[in-house]
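**Student:** Supplied in structure tokens, the structure appears directly below.
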Amino acid sequence: MEDLAPRLKVGTLVLSQGERTVIGRIDHAIESNLPASVASALNGKITCRQVSQRAGITLDEMLRLVSQLDTANLLDTTSTKITVERFHSSHPSRSSHNNDDSNDGAYKQLQSRIAPELTFTTWLDNVKDGGVELIANRRNYDVTVIGRSRVATLLYGILLASGVSETNLQPLRGNATINDQDMCGGYLHASDIGLSLKTRAEELSREISLFPLPATHEKKENRSLQHIVVCVGAPDPDQLQKWMSDGTPHLLIEDPECASINIGPLVLPGKTPCWRCICLAREDQNNSWHDIALQRIAAGASEVPVSVAHHVAGLIALEILRFIDIGKSELIGNSVRMSYHTPLDLEHRLHARHPACGCNW
């Protein structure tokens, strides 16, 4: 431990208050009798032994403080480096490449872009490397966003920019083209109207992705990608059956209903309530539900306001990232109903597996 070079997590406050030092966050901190300069010196570049020698304190006092900070999840104690896949020419006269990225402009840009993302992962429990490994692990997930709406397009861009490089966007049916309703302050522009949504999305992925993939990229067969589907709009029954059969986690976002929208559940096939469980439960609770569902299908989906699209896409992205990072989500077996007029007052609904549904047998 004495030769460890720990660093305070990004954003940690160090306040000197008389004879004591307060170290932590606004809602979570520890107190120490050591000077504030001791905690501030924990920058990951010098060891505990060196800090104690420079501060004129005993090594035991130093190690006691480090132990307290570590227990309070205020300290990073390991270092992980993001690896970037690069093209290297096979030509015999090509320049050699070493592992020194200190003068690499692209790598410096990546470090700058990744810094805000690390404030999300570094504060998760038991994260000791600043959240770098979790961010890098997002490249091992293949997320398919299915839908023809503002929410789907915005969600696609957010996930790419958050490090989920293997995100792709698919229209619910056919090869949809971009129209004027897609212009909502996001990633599409007026000059894109009339273009194929899927083709344009693939082009955008190389511009907005945190870890851009080359144009000729193909998924490697020896790379185990974990697949997740996000369906924005009424799902196709055949697709639902395929996801259930394949064991693919899928998040369902219903079509807007007047001035509200339902988000969830996130279905883990064989473990949590599926879409048919929810439909059967609704029919049990409301004799008119079947007629309501048919009328909603016949009416077709309506587009959501710009502000709602950004808000909903952000909420969904946070839950998908949380599921990727730690395997948890508030939407597993649960859904939320958001009213356009009270967006912070979410109505939570817990679902159960229906005894008449085949997924329960």
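Starting from 1 in every chain, residues are counted up; chains themselves are A, B, ... following the order of the structure tokens, and ligands are numbered from 1 as listed.
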Write down as an MDAnalysis selection string the residues of stretch 13-52 of chain A whose backbone DSSP state falls under strand (DSSP E or B).
**Tutor:** chainID A and resid 13:17 20:25 28:32 43
**Student:** Could those residues be written to a file, using C-alpha atoms, as a short mmCIF file (atom, residue, chain, number, x, y, z; two decimals), in the first residue's frame?
**Tutor:**
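again12.cif, written as the output of this step:
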```cif
data_model
loop_
_atom_site.label_atom_id
_atom_site.label_comp_id
_atom_site.auth_asym_id
_atom_site.auth_seq_id
_atom_site.Cartn_x
_atom_site.Cartn_y
_atom_site.Cartn_z
CA LEU A 13 -13.85 18.44 -2.77
CA VAL A 14 -11.07 19.13 -0.26
CA LEU A 15 -12.04 21.78 2.29
CA SER A 16 -9.92 23.07 5.16
CA GLN A 17 -12.12 23.93 8.15
CA ARG A 20 -9.93 19.46 10.33
CA THR A 21 -10.14 18.69 6.64
CA VAL A 22 -13.35 17.62 4.91
CA ILE A 23 -12.90 15.42 1.84
CA GLY A 24 -15.71 14.17 -0.39
CA ARG A 25 -18.84 15.22 -2.21
CA HIS A 28 -20.95 12.29 1.19
CA ALA A 29 -17.63 13.10 2.89
CA ILE A 30 -15.11 12.10 5.54
CA GLU A 31 -13.20 14.19 8.08
CA SER A 32 -9.46 14.07 8.75
CA ASN A 43 -2.97 12.94 -7.81
#
```
**Student:** Using only C-alpha atoms, find the one residue out of A:Leu240, A:Ala259, A:Gly314, A:Ser37 that sits nearest to A:Arg54.
**Tutor:**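 For A:Arg54, the nearest of the given residues is A:Ser37.
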**Student:** Excluding same-chain residues fewer than 6 positions from stretch 192-205 of chain A, what lies within 9 Å of it counting only C-alpha atoms, as an MDAnalysis selection string?
**Tutor:** chainID A and resid 148 153 156:157 160:161 165 167:171 175:180 182:183 212:213 215
**Student:** For the selection just defined, write its residues with C-alpha atoms to a file, as a PDB file, in the first residue's frame.
**Tutor:**
```pdb
ATOM      1  CA  ARG A 148     -38.663   5.865 -37.140  1.00  0.00           C
ATOM      2  CA  THR A 153     -32.494   9.152 -33.970  1.00  0.00           C
ATOM      3  CA  TYR A 156     -28.714   6.548 -31.643  1.00  0.00           C
ATOM      4  CA  GLY A 157     -26.431   9.600 -31.569  1.00  0.00           C
ATOM      5  CA  LEU A 160     -22.489   6.495 -30.178  1.00  0.00           C
ATOM      6  CA  ALA A 161     -21.093   9.607 -28.516  1.00  0.00           C
ATOM      7  CA  SER A 165     -19.542   2.195 -31.094  1.00  0.00           C
ATOM      8  CA  THR A 167     -24.834   1.077 -32.261  1.00  0.00           C
ATOM      9  CA  ASN A 168     -26.927   0.972 -35.412  1.00  0.00           C
ATOM     10  CA  LEU A 169     -30.244   2.537 -36.403  1.00  0.00           C
ATOM     11  CA  GLN A 170     -32.957   0.651 -38.258  1.00  0.00           C
ATOM     12  CA  PRO A 171     -36.405   1.896 -39.345  1.00  0.00           C
ATOM     13  CA  ASN A 175     -35.995   1.902 -45.792  1.00  0.00           C
ATOM     14  CA  ALA A 176     -37.377   5.165 -44.447  1.00  0.00           C
ATOM     15  CA  THR A 177     -36.224   8.502 -45.809  1.00  0.00           C
ATOM     16  CA  ILE A 178     -35.498  11.615 -43.786  1.00  0.00           C
ATOM     17  CA  ASN A 179     -38.272  14.241 -43.729  1.00  0.00           C
ATOM     18  CA  ASP A 180     -38.793  17.677 -42.209  1.00  0.00           C
ATOM     19  CA  ASP A 182     -36.610  14.775 -38.263  1.00  0.00           C
ATOM     20  CA  MET A 183     -35.147  18.281 -37.933  1.00  0.00           C
ATOM     21  CA  PRO A 212     -15.189   5.817 -34.537  1.00  0.00           C
ATOM     22  CA  LEU A 213     -15.183   2.664 -36.636  1.00  0.00           C
ATOM     23  CA  ALA A 215     -16.046   2.671 -43.117  1.00  0.00           C
TER      24      ALA A 215
END
```
**Student:** According to DSSP computed on the backbone, where in stretch 41-79 of chain A is there alpha helix (DSSP H)? Give the residues as a PyMOL selection string.
**Tutor:** chain A and resi 48-55+59-71
**Student:** Excluding A:Asp125 and any residue of its chain fewer than 4 positions from it, enumerate the residues within 12 Å of it, using only C-alpha atoms, and give them as a PyMOL selection string.
**Tutor:** chain A and resi 70-76+120-121+129-131+134+325-326
**Student:** Which residues, written as a list in words, have at least one atom at most 9 Å from A:Arg276, with only C-alpha atoms counted and residues fewer than 4 positions away on the same chain left out?
**Tutor:** Leu280, Ala281, His354, Cys357, Gly358 and Cys359 of chain A
**Student:** Keeping only C-alpha atoms, write the selected residues to a file as a PDB file, in the first residue's frame.
**Tutor:**
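And here is the file that came out, selection-v9.pdb:
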```pdb
ATOM      1  CA  LEU A 280     -52.392  -9.973 -21.110  1.00  0.00           C
ATOM      2  CA  ALA A 281     -52.372  -8.091 -17.790  1.00  0.00           C
ATOM      3  CA  HIS A 354     -48.410 -13.463 -16.494  1.00  0.00           C
ATOM      4  CA  CYS A 357     -47.899 -16.294 -21.094  1.00  0.00           C
ATOM      5  CA  GLY A 358     -45.585 -18.846 -22.632  1.00  0.00           C
ATOM      6  CA  CYS A 359     -42.473 -17.093 -21.298  1.00  0.00           C
TER       7      CYS A 359
END
```
**Student:** Which of these, A:Leu344, A:Cys184, A:Leu65, A:Cys258, has the shortest distance to A:Val306 once you count only C-alpha atoms?
**Tutor:** A:Cys184
**Student:** Counting only C-alpha atoms, what is within 8 Å of A:Val51, bar same-chain residues fewer than 4 positions away, as a list in words?
**Tutor:**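 Listed by chain and then number, they are Val38, Ala41, Leu42, Ile46, Thr47, Ala55 and Met62 of chain A.
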**Student:** Write a file of the selected residues as a short mmCIF file (atom, residue, chain, number, x, y, z; two decimals), in the first residue's frame, keeping N, CA and C atoms.
**Tutor:**
```cif
data_model
loop_
_atom_site.label_atom_id
_atom_site.label_comp_id
_atom_site.auth_asym_id
_atom_site.auth_seq_id
_atom_site.Cartn_x
_atom_site.Cartn_y
_atom_site.Cartn_z
N VAL A 38 -2.39 17.38 2.19
CA VAL A 38 -2.10 15.94 2.09
C VAL A 38 -3.07 15.29 1.12
N ALA A 41 -2.58 16.28 -2.50
CA ALA A 41 -1.41 15.71 -3.14
C ALA A 41 -1.67 14.34 -3.76
N LEU A 42 -2.84 13.78 -3.50
CA LEU A 42 -3.18 12.47 -4.04
C LEU A 42 -3.64 12.64 -5.48
N ILE A 46 2.37 10.38 -7.39
CA ILE A 46 3.35 10.09 -6.34
C ILE A 46 2.76 9.08 -5.36
N THR A 47 3.63 8.33 -4.72
CA THR A 47 3.19 7.25 -3.84
C THR A 47 2.80 7.77 -2.46
N ALA A 55 4.88 15.75 3.30
CA ALA A 55 3.96 16.45 4.21
C ALA A 55 4.42 16.42 5.66
N MET A 62 -0.72 8.38 6.90
CA MET A 62 -1.02 8.48 5.48
C MET A 62 -1.87 7.29 5.02
#
```
**Student:** Show which residues sit within 6 Å of A:Tyr340, as a list of chain:residue names. Count only C-alpha atoms, and ignore same-chain residues fewer than 2 positions away.
**Tutor:**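 Returned residues: A:Ala259, A:Ser260, A:Thr342, A:Pro343.
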**Student:** Could those residues be written to a file, using N, CA and C atoms, as a PDB file, in the first residue's frame?
**Tutor:**
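Okay, this is what ended up in out04.pdb:
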```pdb
ATOM      1  N   ALA A 259     -50.632  13.272 -24.573  1.00  0.00           N
ATOM      2  CA  ALA A 259     -49.479  14.055 -24.115  1.00  0.00           C
ATOM      3  C   ALA A 259     -48.649  13.267 -23.113  1.00  0.00           C
ATOM      4  N   SER A 260     -48.426  11.988 -23.399  1.00  0.00           N
ATOM      5  CA  SER A 260     -47.615  11.159 -22.510  1.00  0.00           C
ATOM      6  C   SER A 260     -46.960  10.041 -23.315  1.00  0.00           C
ATOM      7  N   THR A 342     -45.502  17.257 -16.937  1.00  0.00           N
ATOM      8  CA  THR A 342     -44.808  17.061 -15.654  1.00  0.00           C
ATOM      9  C   THR A 342     -43.683  16.051 -15.855  1.00  0.00           C
ATOM     10  N   PRO A 343     -42.652  16.408 -16.616  1.00  0.00           N
ATOM     11  CA  PRO A 343     -41.616  15.448 -17.002  1.00  0.00           C
ATOM     12  C   PRO A 343     -40.772  14.916 -15.855  1.00  0.00           C
TER      13      PRO A 343
END
```
**Student:** What does the distance from atom CA of A:Glu347 to atom CA of A:Asp236 come to in Å, to one decimal?
**Tutor:**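 Between these atoms lies a distance of 25.9 Å.
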**Student:** Given only C-alpha atoms as the basis, pick out the residue of A:Ala313, A:Leu318, A:Ile261, A:Leu154 nearest to A:Leu346.
**Tutor:**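 Smallest separation from A:Leu346 among the options: A:Ile261.
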**Student:** Considering only C-alpha atoms, state which residue in the set A:Ala356, A:Lys328, A:Ile253, A:Gly56 is at the smallest distance from A:Glu283.
**Tutor:**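 Between A:Ala356, A:Lys328, A:Ile253, A:Gly56, the residue approaching A:Glu283 most closely is A:Ala356.
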**Student:** Which one of A:Arg353, A:Asp345, A:Leu210, A:Trp243 sits closest to A:Ser112 if you count only C-alpha atoms?
**Tutor:**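 Comparing A:Arg353, A:Asp345, A:Leu210, A:Trp243 against A:Ser112, the winner is A:Leu210.
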**Student:** Could you tell me how far atom CA of A:Ala5 lies from atom CA of A:Arg322, in Å and to one decimal?
**Tutor:** 28.6 Å
**Student:** Pick from A:Ile135, A:Val312, A:Leu331, A:Ala39: nearest to A:Pro116, with only C-alpha atoms counted?
**Tutor:**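 Looking only at the distances to A:Pro116, the closest residue turns out to be A:Ile135.
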